[in-house]
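For reference, entry_26.txt (compact mmCIF, C-alpha atoms and all ligand atoms):
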```
# COMPACT_ATOMS: atom_id res chain seq x y z
CA MET D 96 72.13 102.90 136.14
CA THR D 97 73.28 99.49 137.28
CA SER D 98 76.65 98.39 136.16
CA SER D 99 76.83 95.45 133.89
CA THR D 100 78.50 92.55 135.63
CA SER D 101 79.18 89.84 133.17
CA PRO D 102 81.48 87.51 135.05
CA SER D 103 83.21 85.53 132.35
CA ASP D 104 84.33 85.42 128.78
CA ALA D 105 81.47 83.36 127.56
CA PRO D 106 78.30 84.90 128.82
CA ASP D 107 75.68 83.85 126.37
CA ARG D 108 73.63 86.72 127.56
CA THR D 109 70.87 87.80 125.32
CA ARG D 110 69.45 90.46 127.57
CA ALA D 111 71.07 93.28 129.42
CA LYS D 112 70.06 93.82 133.02
CA SER D 113 67.00 95.93 133.41
CA GLY D 114 68.09 99.42 134.21
CA ASP D 115 70.76 99.56 131.54
CA ALA D 116 71.09 103.06 130.23
CA VAL D 117 70.16 102.09 126.74
CA GLY D 118 67.03 100.00 126.57
CA SER D 119 66.23 97.17 128.86
CA ALA D 120 66.38 94.33 126.36
CA ARG D 121 69.46 94.00 124.21
CA PRO D 122 69.42 91.17 121.75
CA GLN D 123 72.57 89.31 120.79
CA VAL D 124 72.94 89.25 117.02
CA ARG D 125 75.43 86.64 115.84
CA PRO D 126 77.78 87.23 112.92
CA THR D 127 76.94 85.51 109.68
CA ALA D 128 77.81 86.30 106.08
CA GLU D 129 74.95 87.90 104.18
CA GLY D 130 74.59 87.73 100.41
CA TRP D 131 77.76 85.65 99.93
CA GLU D 132 79.02 82.33 101.14
CA GLN D 133 81.87 82.30 103.61
CA ALA D 134 84.42 79.66 102.55
CA ARG D 135 84.62 76.96 105.24
CA THR D 136 86.83 73.97 105.99
CA SER D 137 85.45 70.42 106.17
CA GLU D 138 85.09 70.95 109.95
CA GLY D 139 82.94 73.98 109.29
CA ARG D 140 85.49 76.64 110.26
CA PRO D 141 85.96 79.73 108.09
CA VAL D 142 88.95 79.23 105.79
CA LEU D 143 92.08 81.21 106.62
CA GLN D 144 94.58 81.79 103.82
CA PHE D 145 97.98 82.72 105.19
CA ALA D 146 100.06 82.05 102.09
CA SER D 147 99.71 83.96 98.86
CA PRO D 148 98.67 81.84 95.88
CA ARG D 149 101.64 81.19 93.60
CA VAL D 150 100.91 83.54 90.76
CA LYS D 151 103.02 85.72 88.52
CA GLN D 152 104.67 88.59 90.37
CA PRO D 153 104.73 92.21 89.18
CA PRO D 154 107.88 93.42 87.43
CA ALA D 155 110.74 94.54 89.68
CA HIS D 156 110.76 98.27 90.39
CA LEU D 157 113.30 100.62 91.96
CA ALA D 158 111.15 100.87 95.11
CA ASP D 159 111.51 97.12 95.71
CA LEU D 160 115.21 97.67 96.43
CA THR D 161 117.41 99.37 99.01
CA LEU D 162 119.70 102.10 97.71
CA GLU D 163 122.59 99.64 97.79
CA GLU D 164 120.63 97.06 95.82
CA ARG D 165 119.65 99.71 93.28
CA ALA D 166 123.29 100.61 92.74
CA ALA D 167 124.20 96.93 92.35
CA LYS D 168 121.44 96.38 89.83
CA LEU D 169 122.53 99.39 87.78
CA LYS D 170 126.13 98.19 87.81
CA GLU D 171 124.99 94.86 86.46
CA MET D 172 123.21 96.73 83.69
CA GLY D 173 126.42 98.59 82.89
CA VAL D 174 125.15 101.89 84.34
CA PRO D 175 127.33 103.80 86.86
CA ALA D 176 126.22 103.10 90.43
CA PHE D 177 125.85 106.82 91.26
CA ARG D 178 122.82 106.96 88.98
CA ALA D 179 120.94 105.08 91.73
CA LYS D 180 120.83 108.27 93.78
CA GLN D 181 119.65 110.36 90.87
CA LEU D 182 116.88 107.94 89.96
CA SER D 183 115.88 107.63 93.60
CA THR D 184 115.67 111.40 93.98
CA HIS D 185 113.35 111.64 91.00
CA TYR D 186 111.05 109.02 92.42
CA PHE D 187 111.14 109.61 96.19
CA GLN D 188 111.59 113.39 96.17
CA HIS D 189 109.93 114.59 92.98
CA TRP D 190 107.51 111.66 92.58
CA THR D 191 108.28 111.47 88.89
CA THR D 192 109.01 108.55 86.57
CA ASP D 193 108.95 110.71 83.44
CA PRO D 194 112.24 110.46 81.52
CA ALA D 195 111.66 113.95 80.08
CA ALA D 196 111.95 115.37 83.60
CA MET D 197 115.30 113.64 84.26
CA SER D 198 117.68 116.00 82.53
CA ASP D 199 120.54 114.95 84.82
CA LEU D 200 120.63 111.58 83.03
CA PRO D 201 122.33 111.18 79.65
CA LYS D 202 119.83 111.26 76.84
CA ALA D 203 121.18 108.14 75.22
CA GLY D 204 119.61 105.13 76.91
CA ARG D 205 117.54 107.25 79.32
CA GLU D 206 114.16 105.92 78.22
CA GLU D 207 115.33 102.32 78.44
CA LEU D 208 116.84 102.89 81.87
CA VAL D 209 113.66 104.48 83.18
CA ALA D 210 111.50 101.74 81.67
CA GLU D 211 113.66 99.12 83.41
CA MET D 212 113.67 100.81 86.83
CA PHE D 213 110.12 102.19 86.85
CA PRO D 214 107.74 99.74 85.17
CA PRO D 215 104.20 101.09 85.61
CA LEU D 216 102.59 99.23 88.52
CA LEU D 217 99.32 101.04 89.24
CA THR D 218 96.86 101.98 86.51
CA GLU D 219 94.14 104.31 87.66
CA VAL D 220 90.69 102.84 86.99
CA ARG D 221 88.62 105.35 88.84
CA ARG D 222 88.89 108.19 91.29
CA LEU D 223 86.08 109.30 93.58
CA ARG D 224 85.96 112.51 95.58
CA THR D 225 83.79 113.70 98.42
CA ASP D 226 81.83 116.87 97.72
CA ASN D 227 84.17 119.12 99.66
CA GLY D 228 87.21 117.52 98.03
CA ASP D 229 89.03 116.58 101.25
CA THR D 230 88.83 112.83 100.55
CA ILE D 231 89.85 111.00 97.37
CA LYS D 232 89.44 107.31 96.81
CA PHE D 233 91.67 105.73 94.14
CA LEU D 234 90.85 102.44 92.49
CA TRP D 235 93.96 100.89 90.94
CA ARG D 236 94.42 98.01 88.52
CA LEU D 237 97.61 96.02 89.00
CA PHE D 238 99.63 94.45 86.16
CA ASP D 239 97.60 91.21 86.35
CA GLY D 240 94.19 92.87 86.49
CA ALA D 241 93.80 92.66 90.28
CA LEU D 242 92.04 95.69 91.78
CA VAL D 243 93.13 97.49 94.93
CA GLU D 244 92.29 100.82 96.43
CA SER D 245 93.75 103.59 98.53
CA VAL D 246 92.00 106.48 100.25
CA LEU D 247 93.57 109.91 100.72
CA MET D 248 92.22 112.14 103.50
CA ARG D 249 93.03 115.71 104.42
CA TYR D 250 92.75 116.72 108.07
CA PRO D 251 93.89 119.96 109.69
CA GLY D 252 97.67 119.67 109.93
CA ARG D 253 98.04 116.22 108.42
CA ILE D 254 97.27 114.18 105.31
CA THR D 255 96.58 110.48 105.74
CA LEU D 256 96.71 107.76 103.12
CA CYS D 257 95.02 104.42 103.74
CA VAL D 258 96.98 101.82 101.74
CA SER D 259 96.36 98.26 100.60
CA SER D 260 98.93 95.52 101.23
CA GLN D 261 97.30 92.56 99.47
CA ALA D 262 94.94 92.08 96.53
CA GLY D 263 91.99 90.61 98.42
CA CYS D 264 92.47 89.16 101.89
CA GLY D 265 92.63 85.66 103.34
CA MET D 266 91.31 86.47 106.81
CA ASN D 267 87.62 85.91 105.94
CA CYS D 268 86.04 88.38 108.38
CA PRO D 269 82.30 88.28 107.62
CA PHE D 270 81.72 92.05 108.00
CA CYS D 271 84.52 93.17 105.70
CA ALA D 272 83.96 93.57 101.97
CA THR D 273 87.58 92.70 101.14
CA GLY D 274 87.44 89.26 102.70
CA GLN D 275 84.60 88.01 100.58
CA ALA D 276 86.57 86.97 97.51
CA GLY D 277 89.56 85.59 99.40
CA LEU D 278 93.21 86.35 98.77
CA THR D 279 94.31 86.96 95.19
CA ARG D 280 97.96 87.64 96.02
CA ASN D 281 100.41 89.61 98.08
CA MET D 282 101.26 93.03 96.72
CA SER D 283 104.91 93.72 96.02
CA THR D 284 106.84 96.26 98.06
CA ALA D 285 106.85 98.71 95.16
CA GLU D 286 103.11 98.29 94.59
CA ILE D 287 102.57 99.30 98.22
CA VAL D 288 105.03 102.21 98.04
CA ASP D 289 103.73 103.47 94.70
CA GLN D 290 100.31 104.16 96.26
CA VAL D 291 101.98 106.79 98.45
CA VAL D 292 104.01 108.28 95.63
CA ALA D 293 100.87 108.50 93.46
CA ALA D 294 99.03 110.22 96.31
CA ASN D 295 101.90 112.70 96.71
CA ARG D 296 101.62 113.47 93.02
CA ALA D 297 97.89 114.13 93.34
CA ILE D 298 98.45 116.41 96.34
CA ALA D 299 101.19 118.33 94.50
CA ALA D 300 98.81 118.81 91.58
CA GLY D 301 96.38 120.49 94.00
CA GLU D 302 93.76 117.80 93.76
CA LEU D 303 93.06 117.38 97.47
CA GLY D 304 91.18 120.59 98.22
CA PRO D 305 92.83 123.88 99.18
CA LYS D 306 96.45 123.50 100.26
CA GLU D 307 97.61 124.55 103.72
CA HIS D 308 101.11 125.14 102.44
CA ASP D 309 103.22 124.63 99.30
CA ASP D 310 105.24 121.50 99.88
CA GLU D 311 102.46 119.30 101.12
CA ARG D 312 102.61 115.52 100.97
CA VAL D 313 101.27 112.44 102.72
CA THR D 314 102.24 112.75 106.41
CA ASN D 315 100.47 109.66 107.78
CA ILE D 316 100.00 106.17 106.42
CA VAL D 317 97.57 103.57 107.74
CA PHE D 318 97.63 99.94 106.58
CA MET D 319 93.85 99.80 106.70
CA GLY D 320 93.07 99.30 103.04
CA MET D 321 92.74 95.87 101.51
CA GLY D 322 94.66 92.96 102.96
CA GLU D 323 96.26 91.72 106.14
CA PRO D 324 99.67 93.44 106.29
CA LEU D 325 101.23 90.94 108.67
CA ALA D 326 100.36 88.07 106.29
CA ASN D 327 102.60 89.83 103.73
CA TYR D 328 105.28 90.48 106.30
CA LYS D 329 108.48 90.70 104.24
CA ARG D 330 107.14 93.06 101.60
CA VAL D 331 105.32 95.22 104.13
CA MET D 332 108.53 95.51 106.17
CA ALA D 333 110.46 96.57 103.08
CA ALA D 334 107.72 99.12 102.30
CA LEU D 335 108.01 100.48 105.87
CA HIS D 336 111.73 100.94 105.23
CA ARG D 337 111.02 102.88 102.04
CA PHE D 338 108.59 105.08 103.99
CA VAL D 339 110.95 105.96 106.82
CA ASP D 340 114.37 105.80 105.18
CA PRO D 341 115.78 109.28 104.58
CA SER D 342 115.52 110.72 101.10
CA PRO D 343 116.62 109.76 98.49
CA GLU D 344 116.67 106.16 99.68
CA GLY D 345 113.07 106.51 100.83
CA LEU D 346 110.40 109.07 101.67
CA GLY D 347 111.89 110.13 105.02
CA MET D 348 108.61 109.88 106.92
CA SER D 349 108.29 109.45 110.66
CA ALA D 350 107.63 105.87 111.84
CA ARG D 351 105.21 107.03 114.49
CA ASN D 352 102.96 108.42 111.75
CA ILE D 353 102.63 105.01 110.16
CA THR D 354 100.05 102.59 111.53
CA VAL D 355 100.16 98.85 110.91
CA SER D 356 96.77 97.30 111.61
CA THR D 357 96.25 93.55 112.03
CA VAL D 358 93.57 90.98 112.83
CA GLY D 359 96.06 89.60 115.35
CA LEU D 360 98.71 87.32 113.84
CA VAL D 361 100.51 86.87 117.14
CA PRO D 362 103.93 85.56 116.00
CA ALA D 363 104.15 88.35 113.42
CA ILE D 364 103.22 90.97 116.03
CA ARG D 365 106.11 89.71 118.17
CA LYS D 366 108.45 89.91 115.20
CA LEU D 367 107.31 93.43 114.38
CA ALA D 368 108.07 94.50 117.94
CA ASP D 369 111.69 93.43 117.43
CA GLU D 370 112.20 95.44 114.24
CA GLU D 371 113.87 98.77 114.63
CA ILE D 372 110.93 100.63 113.12
CA PRO D 373 108.66 101.85 115.92
CA VAL D 374 105.49 102.22 113.88
CA THR D 375 102.13 102.68 115.56
CA PHE D 376 100.53 99.32 116.10
CA ALA D 377 96.79 98.68 115.86
CA LEU D 378 94.94 95.49 116.78
CA SER D 379 91.51 94.93 115.21
CA LEU D 380 89.89 93.38 118.24
CA HIS D 381 86.17 94.09 117.72
CA ALA D 382 85.16 91.78 120.59
CA PRO D 383 86.64 91.11 124.05
CA ASP D 384 85.14 87.63 124.37
CA ASP D 385 86.32 84.58 122.42
CA LYS D 386 82.85 83.31 121.79
CA LEU D 387 81.94 86.30 119.62
CA ARG D 388 85.44 86.97 118.27
CA ASP D 389 85.79 83.40 116.99
CA GLU D 390 83.01 84.23 114.54
CA LEU D 391 83.75 87.89 113.91
CA ILE D 392 87.51 87.53 113.32
CA PRO D 393 88.06 83.92 112.23
CA VAL D 394 91.80 84.08 113.00
CA ASN D 395 90.70 84.11 116.64
CA ASN D 396 90.37 80.34 116.31
CA ARG D 397 94.16 80.31 116.05
CA TRP D 398 95.12 83.10 118.48
CA LYS D 399 92.65 83.99 121.20
CA VAL D 400 91.65 87.40 122.55
CA ASP D 401 94.06 87.20 125.50
CA GLU D 402 96.98 86.11 123.33
CA ALA D 403 96.33 88.96 120.90
CA ILE D 404 96.07 91.52 123.72
CA ASP D 405 99.23 90.10 125.32
CA ALA D 406 101.10 90.50 122.03
CA ALA D 407 99.84 94.09 121.72
CA TYR D 408 100.96 94.80 125.27
CA GLU D 409 104.37 93.31 124.53
CA TYR D 410 104.60 95.59 121.49
CA TYR D 411 104.08 98.54 123.81
CA ARG D 412 106.67 97.23 126.30
CA LYS D 413 109.31 96.73 123.63
CA THR D 414 108.77 99.91 121.61
CA GLY D 415 107.34 102.33 124.16
CA ARG D 416 104.70 103.18 121.58
CA ARG D 417 101.13 103.28 122.81
CA VAL D 418 99.05 100.80 120.83
CA SER D 419 95.55 101.16 119.41
CA ILE D 420 92.65 98.77 119.67
CA GLU D 421 90.22 98.99 116.76
CA TYR D 422 86.61 98.26 117.63
CA ALA D 423 83.94 98.52 114.92
CA LEU D 424 80.68 99.08 116.77
CA ILE D 425 78.07 96.75 115.30
CA LYS D 426 74.47 97.07 116.38
CA ASP D 427 73.40 94.44 118.92
CA MET D 428 76.41 92.31 118.05
CA ASN D 429 79.42 93.64 119.97
CA ASP D 430 78.19 96.92 121.45
CA HIS D 431 76.75 95.68 124.76
CA PRO D 432 77.75 97.55 127.91
CA TRP D 433 79.15 94.40 129.49
CA ARG D 434 81.53 94.07 126.55
CA ALA D 435 82.85 97.58 127.15
CA ASP D 436 83.41 96.62 130.78
CA LEU D 437 85.11 93.35 129.86
CA LEU D 438 87.33 95.11 127.33
CA ALA D 439 88.34 97.70 129.92
CA LYS D 440 89.04 94.98 132.45
CA LYS D 441 91.25 93.03 130.06
CA LEU D 442 93.21 96.12 129.06
CA ASN D 443 93.63 97.37 132.63
CA GLN D 444 94.77 93.94 133.80
CA ARG D 445 97.92 94.45 131.73
CA GLY D 446 98.58 97.96 132.95
CA ARG D 447 97.59 101.59 132.50
CA GLY D 448 98.52 104.13 129.85
CA TRP D 449 99.66 101.60 127.27
CA VAL D 450 96.64 101.50 125.04
CA HIS D 451 94.03 103.60 123.35
CA VAL D 452 90.70 102.33 122.03
CA ASN D 453 89.35 103.53 118.69
CA PRO D 454 85.71 102.60 118.31
CA ILE D 455 84.44 103.19 114.80
CA PRO D 456 80.81 102.89 113.77
CA LEU D 457 80.56 99.98 111.37
CA ASN D 458 80.39 101.12 107.78
CA PRO D 459 76.70 100.44 107.56
CA THR D 460 74.65 98.29 105.31
CA PRO D 461 71.24 99.43 106.48
CA GLY D 462 68.76 96.69 107.21
CA SER D 463 71.42 94.03 107.38
CA ILE D 464 72.67 92.44 110.59
CA TRP D 465 75.79 94.51 109.90
CA THR D 466 74.56 97.91 110.98
CA ALA D 467 76.35 100.62 112.92
CA SER D 468 75.50 100.93 116.60
CA GLU D 469 73.01 103.59 117.51
CA LYS D 470 74.53 106.79 118.76
CA PRO D 471 73.48 106.52 122.42
CA VAL D 472 74.74 102.94 122.49
CA ALA D 473 78.10 103.99 121.06
CA GLN D 474 78.26 106.83 123.58
CA GLU D 475 77.52 104.48 126.44
CA PHE D 476 80.20 102.07 125.22
CA ILE D 477 82.77 104.85 125.15
CA ALA D 478 81.65 106.31 128.47
CA ARG D 479 82.18 102.95 130.17
CA LEU D 480 85.68 102.58 128.79
CA ARG D 481 86.55 106.11 129.86
CA ALA D 482 85.03 105.60 133.29
CA ALA D 483 87.38 102.64 133.66
CA GLY D 484 90.32 104.90 132.76
CA VAL D 485 90.82 103.67 129.19
CA PRO D 486 91.40 106.49 126.69
CA CYS D 487 88.99 106.25 123.84
CA THR D 488 88.31 108.26 120.68
CA LEU D 489 85.44 107.68 118.32
CA ARG D 490 86.91 107.45 114.80
CA ASP D 491 85.14 109.12 111.95
CA THR D 492 83.96 107.27 108.91
CA ARG D 493 85.42 109.62 106.34
CA GLY D 494 84.33 109.07 102.78
CA LYS D 495 81.24 107.04 103.51
CA GLU D 496 79.42 108.57 100.58
CA ILE D 497 82.13 107.34 98.21
CA ASP D 498 82.31 103.91 99.83
CA GLY D 499 85.58 105.20 101.17
CA ALA D 500 86.03 102.32 103.54
CA CYS D 501 86.69 98.65 103.43
CA GLY D 502 86.94 97.32 99.91
CA GLN D 503 83.54 98.31 98.68
CA LEU D 504 84.64 100.09 95.53
CA ALA D 505 86.87 97.28 94.32
CA ALA D 506 84.12 94.82 95.19
CA ALA D 507 81.58 96.83 93.20
CA ASP D 508 83.86 96.81 90.17
CA GLU D 509 84.49 93.09 89.93
N1 LIG C 1 93.59 93.33 107.94
C1 LIG C 1 93.92 94.45 108.75
C2 LIG C 1 93.91 95.78 108.04
C3 LIG C 1 92.82 96.07 107.04
S1 LIG C 1 91.20 96.42 107.63
C4 LIG C 1 93.02 94.50 109.97
O1 LIG C 1 92.06 93.77 110.01
O2 LIG C 1 93.32 95.25 110.89
C5 LIG C 1 91.32 97.94 108.51
C6 LIG C 1 90.27 98.09 109.59
O3 LIG C 1 88.95 98.26 109.02
C7 LIG C 1 90.17 96.88 110.51
O4 LIG C 1 90.08 97.31 111.85
C8 LIG C 1 88.88 96.24 110.04
O5 LIG C 1 88.33 95.40 111.03
C9 LIG C 1 88.04 97.44 109.73
N2 LIG C 1 86.85 97.19 108.91
C10 LIG C 1 86.65 96.27 107.96
N3 LIG C 1 85.39 96.32 107.46
C11 LIG C 1 84.78 97.32 108.12
C12 LIG C 1 83.46 97.88 108.09
N4 LIG C 1 82.55 97.41 107.23
N5 LIG C 1 83.20 98.91 108.92
C13 LIG C 1 84.13 99.40 109.78
N6 LIG C 1 85.37 98.92 109.86
C14 LIG C 1 85.69 97.88 109.06
```

Take the structure in the file and write it out as structure tokens.
Amino acid sequence: MTSSTSPSDAPDRTRAKSGDAVGSARPQVRPTAEGWEQARTSEGRPVLQFASPRVKQPPAHLADLTLEERAAKLKEMGVPAFRAKQLSTHYFQHWTTDPAAMSDLPKAGREELVAEMFPPLLTEVRRLRTDNGDTIKFLWRLFDGALVESVLMRYPGRITLCVSSQAGCGMNCPFCATGQAGLTRNMSTAEIVDQVVAANRAIAAGELGPKEHDDERVTNIVFMGMGEPLANYKRVMAALHRFVDPSPEGLGMSARNITVSTVGLVPAIRKLADEEIPVTFALSLHAPDDKLRDELIPVNNRWKVDEAIDAAYEYYRKTGRRVSIEYALIKDMNDHPWRADLLAKKLNQRGRGWVHVNPIPLNPTPGSIWTASEKPVAQEFIARLRAAGVPCTLRDTRGKEIDGACGQLAAADE
């Protein structure tokens, strides 16, 4: 096996060196949208939408507020401030918004109080389960008809929920189903939080396969559903507070079990590093060279590969939390051995032990240019990273048979 020796960032190499472990000729497939038109600017660049369209916002909900703000709001309504704790306990500890279950509140005015503090935010449209029941995908309709989804996954010793942070997404990545219709709007803090509370309810009702123990709930959250979380910074930050704040102010979860994943909005990554919530940080890199990444992740036209990796490294330096690099392996597009080597080089240049790479086979659309890498190619990619001392774990594609990844269900329903 000869090692691949691409010297620079912009090797327009269409063939691997003969003697590569996996085939001697490796084509270079370029990203392009298939079956839909990618919105472009007058200069021909993919459109990036950073700001949410100005549309009507969902009604205010208890989970939008801190405990202090809840008490203040109740006071304004003429309700004693201590009721904030009671209402919060019902929601964040018992996952209920049913006035009948709130016998610690006076009967008179209870229904009105509950209606004011807990307006329904998520209406279940559909729920899909894998055959063995360890994965549930929820499709939710928001108050204005927008559709979002969350995916609940049971693993030994943990339960992970993949949440959405925006209805649609403005980042226009050509391989992602969510990007195709653009950004509808930012989700509110409570709309984000309510996905977790709804999942906890489903778990408590025994709907996620056989329980490991009695008081099970969501232990891990990943912001890998619809949307770009760092483009909805304020509301996502408030949602993170609700997740980690101790009960009854919030859910009392551990920050390290919460992963914020981004295309690489560099200023927002820097800001996140300065917050006092050391969540796990994930960068969706998908290519180590600007030439490919400019097309694969359009935001790369704004912040380049090296800037994004620098910001990730800074996140590690400030928080001490090892960061993740997401890398969807796409056949003949970004899975060339030289790209594994270049990625390893760029990561090792910054230091050792600060980063972990998560390759994930692309959620495949067979026959399209967007197809998962072949197994030996994926293995070679991982082997090269490991050989260079970069820890690397192949992620599973849980829920493939229920389109459990990447906006496909919501897209199919529109
Ligand atoms: N906007 C954020 C979070 C949402 S997407 C981000 O980009 O990180 C969560 C992850 O799923 C990202 O790494 C994204 O690149 C990846 N993804 C999107 N479509 C995919 C597909 N078809 N197959 C595999 N991964 C995909």

For ligand LIG 1 (chain C), list the contacting residues at 8 Å or closer, counting all atoms listed in the file, as a PyMOL selection string. chain D and resi 259+264+266+268+270-273+318-324+355-359+377-381+421-424+455-459+465+492+500-502

Work out how far apart CA of Glu171 in chain D and CA of Ala155 in chain D are and give it in Å to one decimal. 14.6 Å

Please determine, counting all atoms listed in the file, which residue among D:Val258, D:Ile404, D:Leu489, D:Leu278 has the shortest atom-to-atom distance to Arg365 in chain D. D:Ile404

Pick from D:Thr314, D:Thr191, D:Thr136, D:Ser198 nearest to Val292 in chain D, counting all atoms listed in the file: D:Thr191

Please identify all polymer residues within 6 Å of range 472-487 of chain D, counting all atoms listed in the file, omitting same-chain residues fewer than 5 positions from it, and present them as a PyMOL selection string. chain D and resi 432+435+439+451-453

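Interatomic distance, CA of Cys257 in chain D to CA of Arg412 in chain D: 26.4 Å.
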
Padding 6 Å on every side, please: axis-aligned box over the listed atoms of range 155-167 of chain D, centre and edge lengths to one decimal in Å, as JSON.
```
{"center_x": 117.5, "center_y": 98.3, "center_z": 94.3, "size_x": 25.5, "size_y": 19.6, "size_z": 21.3}
```

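A straight line drawn from CA of Leu437 in chain D to CA of Thr460 in chain D is 27.1 Å long.
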
Skipping near chain neighbours, those fewer than 2 positions away, what residues fall within 10 Å of Gln152 in chain D using all atoms listed in the file, listed as a PyMOL selection string? chain D and resi 149-150+154-155+238-239+280-283

Could you save those same residues with C-alpha atoms as a compact mmCIF listing (two decimals), in the frame of the given file?
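Written out: out-v8.txt:
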```txt
# COMPACT_ATOMS: atom_id res chain seq x y z
CA ARG D 149 101.64 81.19 93.60
CA VAL D 150 100.91 83.54 90.76
CA PRO D 154 107.88 93.42 87.43
CA ALA D 155 110.74 94.54 89.68
CA PHE D 238 99.63 94.45 86.16
CA ASP D 239 97.60 91.21 86.35
CA ARG D 280 97.96 87.64 96.02
CA ASN D 281 100.41 89.61 98.08
CA MET D 282 101.26 93.03 96.72
CA SER D 283 104.91 93.72 96.02
```

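By all atoms listed in the file, and with residues fewer than 2 positions from Arg337 in chain D along its chain excluded, the set lying at most 10 Å from it is D:Ala158, D:Asp159, D:Leu160, D:Thr161, D:Leu162, D:Phe187, D:Thr284, D:Ala285, D:Ile287, D:Val288, D:Val331, D:Met332, D:Ala333, D:Ala334, D:Leu335, D:Val339, D:Asp340, D:Pro341, D:Ser342, D:Pro343, D:Glu344, D:Gly345, D:Leu346, D:Gly347, D:Met348.
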
Using C-alpha atoms, can you export the residues from the last selection as an mmCIF file, keeping the file's coordinate frame?
```
data_model
loop_
_atom_site.group_PDB
_atom_site.id
_atom_site.type_symbol
_atom_site.label_atom_id
_atom_site.label_comp_id
_atom_site.auth_asym_id
_atom_site.auth_seq_id
_atom_site.Cartn_x
_atom_site.Cartn_y
_atom_site.Cartn_z
ATOM 1 C CA ALA D 158 111.150 100.870 95.110
ATOM 2 C CA ASP D 159 111.510 97.120 95.710
ATOM 3 C CA LEU D 160 115.210 97.670 96.430
ATOM 4 C CA THR D 161 117.410 99.370 99.010
ATOM 5 C CA LEU D 162 119.700 102.100 97.710
ATOM 6 C CA PHE D 187 111.140 109.610 96.190
ATOM 7 C CA THR D 284 106.840 96.260 98.060
ATOM 8 C CA ALA D 285 106.850 98.710 95.160
ATOM 9 C CA ILE D 287 102.570 99.300 98.220
ATOM 10 C CA VAL D 288 105.030 102.210 98.040
ATOM 11 C CA VAL D 331 105.320 95.220 104.130
ATOM 12 C CA MET D 332 108.530 95.510 106.170
ATOM 13 C CA ALA D 333 110.460 96.570 103.080
ATOM 14 C CA ALA D 334 107.720 99.120 102.300
ATOM 15 C CA LEU D 335 108.010 100.480 105.870
ATOM 16 C CA VAL D 339 110.950 105.960 106.820
ATOM 17 C CA ASP D 340 114.370 105.800 105.180
ATOM 18 C CA PRO D 341 115.780 109.280 104.580
ATOM 19 C CA SER D 342 115.520 110.720 101.100
ATOM 20 C CA PRO D 343 116.620 109.760 98.490
ATOM 21 C CA GLU D 344 116.670 106.160 99.680
ATOM 22 C CA GLY D 345 113.070 106.510 100.830
ATOM 23 C CA LEU D 346 110.400 109.070 101.670
ATOM 24 C CA GLY D 347 111.890 110.130 105.020
ATOM 25 C CA MET D 348 108.610 109.880 106.920
#
```
